[in-house]
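Here the structure is laid out as structure tokens; the discussion comes afterwards.
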Amino acid sequence: MIKLTFKTDFCKGCGLCVGVCPKKILRIAPNTINKKGHHPAEITDMEKCVGCASCATMCPDCIITIEKE
């Protein structure tokens, strides 16, 4: 099982992680605004995540953590 987490308060909503996700399960949250005033990234379907870490590798702010249980 894969657990993908975002430090949403530090996300600037650049969307780089969204663009590299091979499963297309990441998006910029349309209804959430973090403490910096940005729409952060979020995962839409955790079950489909394969744990490839492309998103974490691409993130310039290192806010994505992937854990394999």
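Following the order of the structure tokens, chains are lettered A, B, ..., residues in each are numbered from 1, and ligands are numbered from 1.
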Exercise for review: Can you pull out every residue within 12 Å of Pro60 of chain A, counting only C-alpha atoms, but drop anything in the same chain fewer than 2 positions away, and send it as a list in words?
Suggested key: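 Here the qualifying residues turn out to be Phe10, Cys11, Lys12, Gly13, Cys14, Gly15, Leu16, Cys17, Ser54, Cys55, Ala56, Thr57, Met58, Cys62, Ile63 and Ile64 of chain A.
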Include all heavy atoms and write out the residues we just selected as a CSV table (one decimal), in the first residue's frame.
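What follows is the written file selection.csv:
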```csv
chain,number,residue,atom,x,y,z
A,10,PHE,N,2.8,24.5,2.6
A,10,PHE,CA,4.0,25.0,1.9
A,10,PHE,C,3.9,24.9,0.4
A,10,PHE,O,4.8,25.3,-0.3
A,10,PHE,CB,5.2,24.2,2.4
A,10,PHE,CG,5.4,24.4,3.9
A,10,PHE,CD1,5.1,23.4,4.8
A,10,PHE,CD2,5.9,25.6,4.4
A,10,PHE,CE1,5.2,23.6,6.2
A,10,PHE,CE2,6.1,25.8,5.8
A,10,PHE,CZ,5.7,24.7,6.7
A,11,CYS,N,2.8,24.3,-0.1
A,11,CYS,CA,2.7,24.2,-1.6
A,11,CYS,C,2.3,25.5,-2.2
A,11,CYS,O,1.4,26.2,-1.7
A,11,CYS,CB,1.5,23.1,-1.9
A,11,CYS,SG,1.2,22.8,-3.6
A,12,LYS,N,3.0,25.8,-3.3
A,12,LYS,CA,2.7,27.1,-4.0
A,12,LYS,C,1.8,26.9,-5.2
A,12,LYS,O,1.6,27.8,-6.0
A,12,LYS,CB,4.0,27.8,-4.4
A,12,LYS,CG,4.9,27.0,-5.3
A,12,LYS,CD,6.2,27.8,-5.5
A,12,LYS,CE,7.2,27.0,-6.2
A,12,LYS,NZ,8.5,27.4,-6.1
A,13,GLY,N,1.4,25.6,-5.4
A,13,GLY,CA,0.4,25.3,-6.5
A,13,GLY,C,1.0,25.5,-7.9
A,13,GLY,O,0.3,25.8,-8.8
A,14,CYS,N,2.3,25.1,-8.1
A,14,CYS,CA,2.9,25.3,-9.4
A,14,CYS,C,2.4,24.3,-10.4
A,14,CYS,O,2.5,24.5,-11.6
A,14,CYS,CB,4.4,25.2,-9.2
A,14,CYS,SG,5.1,23.6,-8.8
A,15,GLY,N,2.0,23.1,-9.9
A,15,GLY,CA,1.4,22.1,-10.8
A,15,GLY,C,2.4,21.2,-11.5
A,15,GLY,O,2.1,20.4,-12.3
A,16,LEU,N,3.7,21.3,-11.1
A,16,LEU,CA,4.7,20.5,-11.7
A,16,LEU,C,4.5,19.0,-11.4
A,16,LEU,O,4.6,18.1,-12.3
A,16,LEU,CB,6.1,20.9,-11.3
A,16,LEU,CG,6.6,22.2,-11.8
A,16,LEU,CD1,7.9,22.6,-11.1
A,16,LEU,CD2,6.7,22.3,-13.3
A,17,CYS,N,4.0,18.7,-10.2
A,17,CYS,CA,3.7,17.3,-9.8
A,17,CYS,C,2.6,16.8,-10.6
A,17,CYS,O,2.5,15.6,-11.0
A,17,CYS,CB,3.5,17.2,-8.4
A,17,CYS,SG,2.1,18.2,-7.8
A,54,SER,N,7.6,10.2,-9.0
A,54,SER,CA,7.8,11.3,-10.0
A,54,SER,C,7.4,12.7,-9.5
A,54,SER,O,8.1,13.7,-9.7
A,54,SER,CB,7.0,11.0,-11.3
A,54,SER,OG,7.6,9.8,-11.9
A,55,CYS,N,6.3,12.7,-8.8
A,55,CYS,CA,5.8,13.9,-8.2
A,55,CYS,C,6.7,14.5,-7.2
A,55,CYS,O,7.0,15.7,-7.2
A,55,CYS,CB,4.4,13.7,-7.7
A,55,CYS,SG,4.3,12.5,-6.4
A,56,ALA,N,7.2,13.7,-6.3
A,56,ALA,CA,8.1,14.1,-5.3
A,56,ALA,C,9.4,14.6,-5.8
A,56,ALA,O,10.0,15.6,-5.4
A,56,ALA,CB,8.3,13.0,-4.2
A,57,THR,N,9.9,13.9,-6.9
A,57,THR,CA,11.2,14.3,-7.5
A,57,THR,C,11.0,15.6,-8.2
A,57,THR,O,12.0,16.5,-8.2
A,57,THR,CB,11.6,13.2,-8.6
A,57,THR,OG1,11.7,12.0,-7.9
A,57,THR,CG2,12.9,13.6,-9.3
A,58,MET,N,9.9,15.9,-8.8
A,58,MET,CA,9.7,17.1,-9.5
A,58,MET,C,9.4,18.3,-8.6
A,58,MET,O,9.7,19.5,-9.0
A,58,MET,CB,8.5,16.9,-10.5
A,58,MET,CG,8.3,18.1,-11.4
A,58,MET,SD,9.7,18.5,-12.5
A,58,MET,CE,9.7,17.3,-13.7
A,62,CYS,N,9.9,20.3,-2.2
A,62,CYS,CA,10.0,19.0,-1.4
A,62,CYS,C,8.9,18.9,-0.4
A,62,CYS,O,9.1,18.5,0.8
A,62,CYS,CB,11.3,18.9,-0.7
A,62,CYS,SG,12.7,19.0,-1.9
A,63,ILE,N,7.6,19.1,-0.8
A,63,ILE,CA,6.5,19.0,0.1
A,63,ILE,C,5.8,17.6,0.0
A,63,ILE,O,4.8,17.4,0.7
A,63,ILE,CB,5.5,20.1,-0.1
A,63,ILE,CG1,4.9,20.1,-1.5
A,63,ILE,CG2,6.1,21.5,0.1
A,63,ILE,CD1,3.4,20.2,-1.5
A,64,ILE,N,6.2,16.7,-0.9
A,64,ILE,CA,5.5,15.5,-1.1
A,64,ILE,C,6.3,14.3,-0.5
A,64,ILE,O,7.5,14.2,-0.7
A,64,ILE,CB,5.4,15.2,-2.6
A,64,ILE,CG1,4.6,16.4,-3.3
A,64,ILE,CG2,4.6,13.9,-2.8
A,64,ILE,CD1,4.5,16.3,-4.8
```
**Study point:** Spatial neighbours of Pro30 of chain A, 12 Å, only C-alpha atoms, chain gap at least 5 places, as a PyMOL selection string
**Key:** chain A and resi 13+38-42+44
Practice item. Go ahead and compute the interatomic distance for atom CA of Ile43 of chain A and atom CA of Thr5 of chain A, in Å to one decimal. Key: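 Atom CA of Ile43 of chain A sits 8.4 Å away from atom CA of Thr5 of chain A.
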